>>> print(open('entry-v2.txt').read())   # compact mmCIF, C-alpha atoms
# COMPACT_ATOMS: atom_id res chain seq x y z
CA MET R 18 -16.13 -7.50 -44.09
CA LEU R 19 -16.96 -4.68 -46.47
CA LYS R 20 -18.66 -1.69 -44.88
CA THR R 21 -20.33 0.91 -47.09
CA GLY R 22 -22.03 4.12 -46.11
CA VAL R 23 -23.25 7.58 -46.97
CA SER R 24 -23.79 10.82 -45.08
CA TYR R 25 -27.29 12.22 -44.61
CA PHE R 26 -28.58 15.68 -43.72
CA GLY R 27 -31.47 16.20 -46.09
CA SER R 28 -34.49 16.01 -43.80
CA ARG R 29 -35.71 15.93 -40.21
CA ILE R 30 -39.23 14.80 -41.17
CA ALA R 31 -39.82 11.21 -40.05
CA ARG R 32 -41.90 10.00 -42.99
CA HIS R 33 -39.28 11.24 -45.47
CA VAL R 34 -36.39 9.91 -43.40
CA ARG R 35 -38.00 6.47 -43.18
CA ALA R 36 -38.20 6.24 -46.97
CA ASP R 37 -34.67 7.60 -47.37
CA MET R 38 -33.15 5.10 -44.92
CA ARG R 39 -34.77 2.22 -46.77
CA ASP R 40 -33.47 3.68 -50.03
CA ILE R 41 -29.97 3.93 -48.55
CA ALA R 42 -30.10 0.28 -47.51
CA ARG R 43 -31.34 -0.77 -50.97
CA HIS R 44 -28.33 0.95 -52.50
CA GLY R 45 -25.93 -1.34 -50.70
CA CYS R 46 -25.12 0.77 -47.63
CA THR R 47 -24.48 -0.78 -44.23
CA PHE R 48 -24.24 2.48 -42.29
CA VAL R 49 -25.43 6.07 -42.41
CA VAL R 50 -23.59 9.12 -41.08
CA HIS R 51 -26.08 11.55 -39.57
CA THR R 52 -24.93 15.13 -39.15
CA TYR R 53 -25.63 16.54 -35.69
CA SER R 54 -25.04 20.27 -35.75
CA GLU R 55 -25.50 22.79 -32.96
CA LEU R 56 -28.93 23.50 -34.45
CA ASP R 57 -29.82 19.81 -34.17
CA GLN R 58 -28.48 19.65 -30.62
CA GLU R 59 -30.59 22.58 -29.50
CA PHE R 60 -33.83 21.96 -31.36
CA TYR R 61 -33.90 18.43 -32.82
CA GLN R 62 -32.47 16.09 -30.21
CA GLY R 63 -35.67 14.09 -29.81
CA THR R 64 -36.14 14.08 -33.56
CA MET R 65 -32.62 12.70 -33.98
CA SER R 66 -33.50 9.84 -31.64
CA GLU R 67 -36.43 8.99 -33.89
CA ILE R 68 -34.21 9.28 -36.97
CA SER R 69 -31.67 6.93 -35.42
CA ASP R 70 -34.42 4.40 -34.69
CA LEU R 71 -35.62 4.63 -38.29
CA SER R 72 -32.06 4.08 -39.51
CA ARG R 73 -31.64 0.94 -37.43
CA ALA R 74 -35.04 -0.33 -38.51
CA ALA R 75 -33.72 -0.16 -42.08
CA GLY R 76 -30.74 -2.29 -41.05
CA LEU R 77 -28.19 0.53 -40.91
CA GLU R 78 -25.48 1.23 -38.38
CA VAL R 79 -25.72 4.80 -37.05
CA TRP R 80 -22.80 7.25 -37.08
CA VAL R 81 -22.94 10.81 -35.70
CA ASP R 82 -20.98 13.78 -37.06
CA PRO R 83 -20.33 17.09 -35.16
CA TRP R 84 -21.20 18.98 -38.33
CA ALA R 85 -19.42 22.37 -38.18
CA VAL R 86 -19.72 22.42 -34.38
CA GLY R 87 -17.68 25.32 -33.04
CA GLY R 88 -16.56 26.04 -36.60
CA VAL R 89 -13.73 23.51 -36.19
CA PHE R 90 -15.24 20.47 -37.93
CA GLY R 91 -16.25 19.99 -41.56
CA GLY R 92 -19.74 21.02 -42.58
CA GLU R 93 -21.97 23.66 -44.13
CA SER R 94 -23.58 24.96 -40.95
CA TYR R 95 -23.17 27.89 -38.55
CA SER R 96 -22.02 27.81 -34.95
CA LYS R 97 -24.02 29.52 -32.23
CA PHE R 98 -21.25 28.77 -29.76
CA VAL R 99 -18.78 31.15 -31.39
CA ALA R 100 -21.47 33.85 -31.62
CA VAL R 101 -22.22 33.67 -27.91
CA HIS R 102 -18.86 32.83 -26.35
CA LEU R 103 -16.59 35.50 -27.77
CA ASP R 104 -13.96 34.72 -25.15
CA ALA R 105 -13.58 31.17 -26.55
CA ARG R 106 -12.98 32.18 -30.17
CA GLN R 107 -9.75 31.72 -32.05
CA ILE R 108 -7.59 34.80 -32.46
CA SER R 109 -5.56 35.26 -35.61
CA ALA R 110 -1.85 36.07 -35.57
CA LYS R 111 -2.90 39.64 -36.46
CA GLY R 112 -5.19 39.86 -33.41
CA VAL R 113 -8.51 39.38 -35.22
CA SER R 114 -11.30 37.41 -33.52
CA LEU R 115 -12.33 34.56 -35.82
CA PRO R 116 -15.62 32.61 -36.17
CA ALA R 117 -14.15 29.39 -34.81
CA ALA R 118 -13.70 28.03 -31.30
CA CYS R 119 -10.23 27.51 -29.87
CA LEU R 120 -9.48 23.82 -29.42
CA ASN R 121 -7.46 24.63 -26.30
CA ASN R 122 -10.20 26.64 -24.60
CA ALA R 123 -11.75 24.92 -21.56
CA ARG R 124 -15.17 26.46 -22.26
CA PHE R 125 -15.26 24.85 -25.70
CA ILE R 126 -14.01 21.51 -24.38
CA ASP R 127 -16.85 21.54 -21.83
CA PHE R 128 -19.26 22.37 -24.64
CA MET R 129 -18.00 19.35 -26.60
CA TYR R 130 -18.50 17.12 -23.55
CA ALA R 131 -22.13 18.28 -23.54
CA TRP R 132 -22.40 17.63 -27.29
CA ILE R 133 -21.15 14.07 -26.80
CA ARG R 134 -23.61 13.45 -23.97
CA SER R 135 -26.40 14.85 -26.09
CA ALA R 136 -25.49 12.59 -29.03
CA LEU R 137 -25.32 9.56 -26.75
CA GLU R 138 -29.04 10.03 -26.06
CA PHE R 139 -29.74 8.33 -29.41
CA SER R 140 -27.04 5.65 -29.00
CA PRO R 141 -24.86 6.05 -32.11
CA ASP R 142 -22.53 3.22 -32.99
CA VAL R 143 -19.71 5.52 -34.13
CA PHE R 144 -18.67 9.10 -33.44
CA PHE R 145 -17.28 10.53 -36.66
CA TRP R 146 -14.72 13.29 -36.00
CA ASP R 147 -14.95 15.15 -39.28
CA GLU R 148 -11.79 17.06 -40.27
CA PRO R 149 -10.92 18.72 -36.92
CA HIS R 150 -8.90 21.84 -37.66
CA PHE R 151 -7.89 25.32 -36.66
CA TYR R 152 -9.34 28.23 -38.61
CA LEU R 153 -8.91 27.62 -42.34
CA TYR R 154 -7.61 30.51 -44.37
CA PRO R 155 -7.40 29.89 -48.14
CA LEU R 156 -4.47 27.52 -48.58
CA ASP R 157 -2.60 29.74 -51.03
CA LEU R 158 -2.69 32.64 -48.55
CA MET R 159 -1.57 30.45 -45.65
CA ARG R 160 1.42 29.28 -47.63
CA LYS R 161 2.44 32.74 -48.85
CA ASP R 162 1.80 34.87 -45.77
CA PRO R 163 3.36 33.65 -42.47
CA SER R 164 0.92 35.82 -40.49
CA MET R 165 -2.20 34.11 -41.88
CA TRP R 166 -2.79 31.53 -39.17
CA ALA R 167 -4.60 30.91 -35.88
CA CYS R 168 -4.87 30.50 -32.98
CA ARG R 169 -2.91 33.08 -30.96
CA CYS R 170 -5.39 33.63 -28.16
CA ALA R 171 -4.31 34.08 -24.54
CA VAL R 172 -4.82 30.38 -23.80
CA CYS R 173 -2.69 29.27 -26.74
CA ARG R 174 0.04 31.80 -25.97
CA LYS R 175 0.24 30.58 -22.38
CA LYS R 176 0.40 26.93 -23.39
CA PHE R 177 2.94 27.63 -26.12
CA LYS R 178 5.26 29.44 -23.72
CA LYS R 179 5.03 26.59 -21.23
CA GLN R 180 5.88 24.05 -23.94
CA PHE R 181 8.63 25.95 -25.79
CA SER R 182 9.96 28.33 -23.10
CA TYR R 183 9.49 31.50 -25.15
CA GLY R 184 6.63 33.75 -26.16
CA MET R 185 4.51 32.72 -29.15
CA PRO R 186 5.60 34.82 -32.14
CA ALA R 187 3.20 36.38 -34.65
CA LEU R 188 4.92 34.86 -37.67
CA LEU R 189 4.47 31.17 -38.30
CA ASN R 190 7.43 28.93 -37.53
CA ASP R 191 8.05 25.20 -37.02
CA ASP R 192 7.32 25.39 -33.29
CA ILE R 193 3.91 26.91 -33.97
CA ARG R 194 3.16 24.22 -36.55
CA CYS R 195 4.08 21.58 -33.97
CA PHE R 196 2.02 23.30 -31.27
CA LYS R 197 -1.07 23.53 -33.46
CA GLU R 198 -0.82 19.90 -34.48
CA ASP R 199 -0.27 18.74 -30.90
CA SER R 200 -3.26 20.81 -29.82
CA ILE R 201 -5.53 19.05 -32.32
CA ILE R 202 -4.20 15.66 -31.25
CA ALA R 203 -4.76 16.45 -27.55
CA PHE R 204 -8.29 17.71 -28.29
CA LEU R 205 -9.09 14.64 -30.40
CA LYS R 206 -7.77 12.25 -27.75
CA THR R 207 -9.83 14.00 -25.08
CA MET R 208 -13.00 13.62 -27.16
CA CYS R 209 -12.33 9.99 -28.10
CA ASP R 210 -11.52 9.06 -24.51
CA TYR R 211 -14.72 10.70 -23.29
CA VAL R 212 -16.80 8.79 -25.85
CA LYS R 213 -15.29 5.52 -24.65
CA GLU R 214 -15.92 6.44 -21.03
CA CYS R 215 -19.54 7.44 -21.56
CA GLY R 216 -20.44 5.15 -24.46
CA ILE R 217 -23.20 2.88 -23.23
CA ALA R 218 -25.95 1.98 -25.65
CA GLY R 219 -29.54 1.51 -24.61
CA ASP R 220 -32.88 3.24 -24.37
CA SER R 221 -32.90 6.52 -22.43
CA PRO R 222 -29.34 6.27 -21.12
CA VAL R 223 -28.57 8.06 -17.87
CA ILE R 224 -26.04 10.72 -18.81
CA SER R 225 -23.62 12.32 -16.37
CA HIS R 226 -23.32 16.08 -16.65
CA GLN R 227 -19.87 16.23 -15.07
CA SER R 228 -16.42 16.38 -16.62
CA PRO R 229 -14.77 13.00 -17.36
CA GLU R 230 -12.92 13.05 -14.04
CA LYS R 231 -16.15 13.57 -12.08
CA SER R 232 -18.61 11.57 -14.14
CA GLU R 233 -20.32 8.69 -12.35
CA LYS R 234 -20.50 5.19 -13.72
CA ARG R 235 -23.66 4.98 -15.77
CA GLY R 236 -26.00 2.26 -16.87
CA VAL R 237 -26.09 0.14 -13.71
CA GLY R 238 -27.62 -3.21 -14.60
CA ARG R 239 -27.18 -2.65 -18.34
CA ALA R 240 -24.89 -4.46 -20.72
CA ARG R 241 -22.10 -2.32 -22.12
CA ARG R 242 -21.37 -2.31 -25.82
CA ARG R 243 -18.61 -0.83 -27.85
CA VAL R 244 -18.95 2.68 -29.25
CA ASN R 245 -16.25 3.50 -31.79
CA ASN R 246 -14.46 6.68 -32.82
CA ALA R 247 -13.64 7.49 -36.44
CA LEU R 248 -11.48 10.32 -37.78
CA CYS R 249 -11.39 11.96 -41.20
CA PHE R 250 -8.12 13.79 -41.87
CA LEU R 251 -8.13 16.93 -43.98
CA PRO R 252 -6.84 15.69 -47.35
CA PHE R 253 -4.51 18.63 -48.00
CA LYS R 254 -0.88 17.57 -47.79
CA GLY R 255 0.99 19.66 -45.24
CA SER R 256 -2.12 21.57 -44.18
CA LEU R 257 -1.33 24.40 -41.79
CA ALA R 258 -4.73 24.08 -40.12
CA GLY R 259 -5.04 20.32 -39.62
CA ILE R 260 -2.88 17.33 -38.70
CA ILE R 261 0.33 17.07 -40.72
CA ASP R 262 1.78 13.87 -39.19
CA TRP R 263 -1.16 11.46 -39.37
CA SER R 264 0.64 8.87 -37.28
CA LYS R 265 0.19 11.06 -34.19
CA ALA R 266 -3.57 10.56 -34.43
CA ALA R 267 -3.27 6.90 -35.41
CA ARG R 268 -1.50 6.24 -32.12
CA ILE R 269 -4.51 7.38 -30.04
CA PRO R 270 -5.72 4.17 -28.33
CA SER R 271 -9.38 5.25 -28.20
CA LEU R 272 -9.50 6.01 -31.94
CA ASP R 273 -10.72 3.03 -33.97
CA ILE R 274 -11.11 4.16 -37.59
CA ILE R 275 -8.92 6.53 -39.62
CA GLY R 276 -9.61 7.88 -43.06
CA THR R 277 -9.59 10.84 -45.39
CA ASP R 278 -11.61 12.32 -48.24
CA PRO R 279 -9.52 12.68 -51.42
CA TYR R 280 -12.14 14.58 -53.41
CA TRP R 281 -11.17 15.41 -56.95
CA LYS R 282 -11.49 18.69 -58.80
CA THR R 283 -13.70 19.14 -61.82
CA GLY R 284 -11.89 17.78 -64.85
CA GLU R 285 -9.49 15.64 -62.81
CA LYS R 286 -7.60 13.53 -65.33
CA ASP R 287 -6.61 10.65 -63.07
CA VAL R 288 -9.11 10.03 -60.26
CA ALA R 289 -7.66 6.56 -59.69
CA ARG R 290 -4.22 7.95 -58.97
CA LEU R 291 -5.53 10.59 -56.54
CA VAL R 292 -7.76 8.19 -54.63
CA GLY R 293 -5.24 5.38 -54.83
CA ARG R 294 -2.48 7.45 -53.26
CA ALA R 295 -4.71 8.46 -50.33
CA SER R 296 -6.09 4.94 -49.92
CA LYS R 297 -2.64 3.36 -49.78
CA ARG R 298 -1.49 5.94 -47.23
CA VAL R 299 -4.49 5.34 -44.98
CA TYR R 300 -4.32 1.56 -45.36
CA ALA R 301 -0.61 1.44 -44.50
CA LEU R 302 -1.15 3.65 -41.46
CA SER R 303 -4.14 1.65 -40.26
CA SER R 304 -2.24 -1.61 -40.64
CA ARG R 305 0.71 -0.25 -38.70
CA TYR R 306 -1.35 0.99 -35.76
CA GLY R 307 -4.14 -1.56 -35.69
CA LYS R 308 -6.92 0.73 -36.93
CA GLU R 309 -9.66 0.30 -39.50
CA ALA R 310 -9.05 2.18 -42.77
CA GLN R 311 -11.73 4.34 -44.36
CA ILE R 312 -11.95 6.36 -47.57
CA TRP R 313 -14.61 8.93 -48.44
CA ILE R 314 -15.87 9.13 -52.00
CA MET R 315 -16.93 12.37 -53.62
CA ASN R 316 -20.69 12.49 -54.30
CA LEU R 317 -21.00 16.26 -54.50
CA ARG R 318 -20.56 18.68 -57.37
CA ILE R 319 -20.16 15.79 -59.80
CA LYS R 320 -20.34 17.14 -63.32
CA LYS R 321 -22.72 15.51 -65.77
CA GLY R 322 -20.97 12.87 -67.79
CA THR R 323 -18.29 12.16 -65.16
CA GLU R 324 -20.37 9.93 -62.88
CA LYS R 325 -18.17 6.97 -63.81
CA ASP R 326 -15.41 8.55 -61.71
CA ILE R 327 -17.39 7.51 -58.63
CA SER R 328 -17.15 3.85 -59.56
CA VAL R 329 -13.45 4.24 -60.33
CA ALA R 330 -12.83 5.85 -56.95
CA VAL R 331 -14.72 3.21 -54.97
CA LYS R 332 -13.00 0.31 -56.72
CA THR R 333 -9.60 1.98 -56.36
CA ALA R 334 -10.03 2.30 -52.61
CA TYR R 335 -11.18 -1.32 -52.41
CA ASP R 336 -8.23 -2.56 -54.46
CA ALA R 337 -5.89 -0.70 -52.10
CA GLY R 338 -7.20 -2.81 -49.22
CA VAL R 339 -9.76 -0.40 -47.74
CA ARG R 340 -12.91 -2.17 -46.56
CA ASN R 341 -14.74 0.82 -45.10
CA ILE R 342 -15.95 3.14 -47.84
CA ALA R 343 -18.37 6.05 -47.48
CA ALA R 344 -19.69 8.80 -49.73
CA TRP R 345 -20.62 12.44 -49.16
CA SER R 346 -23.52 12.71 -49.61
CA TYR R 347 -26.92 11.05 -50.10
CA ARG R 348 -28.36 11.28 -53.63
CA GLY R 349 -25.48 13.31 -55.02
CA THR R 350 -26.08 16.02 -52.39
CA GLY R 351 -29.05 17.13 -54.46
CA CYS R 352 -30.77 18.66 -51.42
CA MET R 353 -28.15 21.42 -51.17
CA SER R 354 -27.72 23.61 -54.26
CA TYR R 355 -24.28 24.78 -53.12
CA LEU R 356 -22.90 21.22 -53.31
CA ALA R 357 -25.39 19.54 -55.64
CA SER R 358 -24.23 17.34 -58.49
CA ASP R 359 -25.51 18.06 -61.99
CA ASP R 360 -27.45 14.79 -62.10
CA PRO R 361 -27.94 13.69 -58.46
CA GLU R 362 -30.02 10.63 -59.36
CA LYS R 363 -27.35 9.28 -61.69
CA VAL R 364 -24.67 9.89 -59.08
CA TRP R 365 -26.70 7.99 -56.49
CA GLY R 366 -27.43 5.13 -58.85
CA THR R 367 -23.77 4.83 -59.79
CA LEU R 368 -22.69 4.68 -56.16
CA GLY R 369 -25.33 2.08 -55.29
CA ARG R 370 -24.49 -0.20 -58.20
CA THR R 371 -20.80 0.00 -57.35
CA TYR R 372 -21.37 -0.81 -53.69
CA ILE R 373 -23.54 -3.79 -54.57
CA SER R 374 -21.08 -5.09 -57.15
CA LEU R 375 -18.25 -5.01 -54.61
CA LYS R 376 -20.29 -7.02 -52.15
CA LYS R 377 -20.70 -9.75 -54.75
CA ARG R 378 -16.93 -10.19 -55.02
>>> encode(input="entry-v2.txt", output="structure tokens")
Amino acid sequence: MLKTGVSYFGSRIARHVRADMRDIARHGCTFVVHTYSELDQEFYQGTMSEISDLSRAAGLEVWVDPWAVGGVFGGESYSKFVAVHLDARQISAKGVSLPAACLNNARFIDFMYAWIRSALEFSPDVFFWDEPHFYLYPLDLMRKDPSMWACRCAVCRKKFKKQFSYGMPALLNDDIRCFKEDSIIAFLKTMCDYVKECGIAGDSPVISHQSPEKSEKRGVGRARRRVNNALCFLPFKGSLAGIIDWSKAARIPSLDIIGTDPYWKTGEKDVARLVGRASKRVYALSSRYGKEAQIWIMNLRIKKGTEKDISVAVKTAYDAGVRNIAAWSYRGTGCMSYLASDDPEKVWGTLGRTYISLKKR
């Protein structure tokens, strides 16, 4: 079955959201990915419950995205956590405190447990783990300078020494690359496992405020239903901040959907080749490990006159076997000037027509 979706972060006003969700459904979408930042968690949790209800009323499945939470997921938002908990921040190889939480830090892991419990209050169908990564320096600098990496905090140094039997050096080497990747995988598995443990849908779920080992069984007398986990890999090949060997994540039993976002640069000559290569990689990996494959389509910063690339990208992913296709973001990301397309309405119309045409196949 073909699944089609789009991300949404344009409004927290119910009357506007209601109209937008209906518009999303009319444009051939079956699900919506709602961003749930630290700001949302602190000030808009009840509002997000209403937004989720409005999404379902429009016939959409609800996904939730930890948008820039801790500065270690994708998203254009700030993290209060890293401003308050200085002892949980990543430390660069040069000893500089960075505006991103350490994935190995117990304080941040506990914070993420709380984020999951908070999100479960509005019963999402899927938790979307959006590009989990260590601090991202510009890629050209990371590749040229072996001291441009993180994290080398006390927690990471201790774990590294235990794993490799020597002190963590300041200059990047293969052991550090392996350690960073394994740290992301361990963090991701912990989050996915916790979602599966706590994931009970229903009105006003009773949420445990203990760690996974201490949490009580919830929802006595209620029917359980499946809550899925989805992952979006950073698209950069050989990224020094993300997961290099995607199969390590694909082997996580509690992870259900794997994908990536092969966004093209302005003036890209062969969008089909770029998207096709990523789609085939994800599809092959998903087939091997029994996951669902997903590809994200660029709906941001689309230059006027190139909107047809969207249709090419969607159809290319479909032809590669991918049956879960999503776009970032709603209406050509016109609500955010930093990422807005030149003609957001044309971008949105192109995506909708392409989605609908695929469903008629």
>>> atom_distance(input="entry-v2.txt", atom1="CA of Gly63 (chain R)", atom2="CA of Asp37 (chain R)")
18.7 Å
>>> residues_near_point(input="entry-v2.txt", point="(3.0, 11.1, -39.3)", cutoff="12 Å", atoms="only C-alpha atoms", output="PDB file with C-alpha atoms, keeping the file's coordinate frame")
ATOM      1  CA  CYS R 195       4.080  21.580 -33.970  1.00  0.00           C
ATOM      2  CA  GLU R 198      -0.820  19.900 -34.480  1.00  0.00           C
ATOM      3  CA  ASP R 199      -0.270  18.740 -30.900  1.00  0.00           C
ATOM      4  CA  ILE R 202      -4.200  15.660 -31.250  1.00  0.00           C
ATOM      5  CA  PHE R 250      -8.120  13.790 -41.870  1.00  0.00           C
ATOM      6  CA  LYS R 254      -0.880  17.570 -47.790  1.00  0.00           C
ATOM      7  CA  GLY R 255       0.990  19.660 -45.240  1.00  0.00           C
ATOM      8  CA  ILE R 260      -2.880  17.330 -38.700  1.00  0.00           C
ATOM      9  CA  ILE R 261       0.330  17.070 -40.720  1.00  0.00           C
ATOM     10  CA  ASP R 262       1.780  13.870 -39.190  1.00  0.00           C
ATOM     11  CA  TRP R 263      -1.160  11.460 -39.370  1.00  0.00           C
ATOM     12  CA  SER R 264       0.640   8.870 -37.280  1.00  0.00           C
ATOM     13  CA  LYS R 265       0.190  11.060 -34.190  1.00  0.00           C
ATOM     14  CA  ALA R 266      -3.570  10.560 -34.430  1.00  0.00           C
ATOM     15  CA  ALA R 267      -3.270   6.900 -35.410  1.00  0.00           C
ATOM     16  CA  ARG R 268      -1.500   6.240 -32.120  1.00  0.00           C
ATOM     17  CA  ARG R 298      -1.490   5.940 -47.230  1.00  0.00           C
ATOM     18  CA  VAL R 299      -4.490   5.340 -44.980  1.00  0.00           C
ATOM     19  CA  ALA R 301      -0.610   1.440 -44.500  1.00  0.00           C
ATOM     20  CA  LEU R 302      -1.150   3.650 -41.460  1.00  0.00           C
ATOM     21  CA  SER R 303      -4.140   1.650 -40.260  1.00  0.00           C
ATOM     22  CA  ARG R 305       0.710  -0.250 -38.700  1.00  0.00           C
ATOM     23  CA  TYR R 306      -1.350   0.990 -35.760  1.00  0.00           C
TER      24      TYR R 306
END
>>> atom_distance(input="entry-v2.txt", atom1="CA of Arg174 (chain R)", atom2="CA of Pro270 (chain R)")
28.3 Å
>>> closest_residue(input="entry-v2.txt", among="R:Tyr25, R:Phe48, R:Trp132, R:Phe90", to="Trp345 (chain R)", atoms="only C-alpha atoms")
R:Tyr25
>>> atom_distance(input="entry-v2.txt", atom1="CA of Met65 (chain R)", atom2="CA of Leu137 (chain R)")
10.7 Å
>>> closest_residue(input="entry-v2.txt", among="R:Ile30, R:Met185, R:Ala171, R:Leu77", to="Gly45 (chain R)", atoms="all atoms listed in the file")
R:Leu77
>>> closest_residue(input="entry-v2.txt", among="R:Met18, R:Leu291, R:Ala31, R:Leu188", to="Pro279 (chain R)", atoms="all atoms listed in the file")
R:Leu291
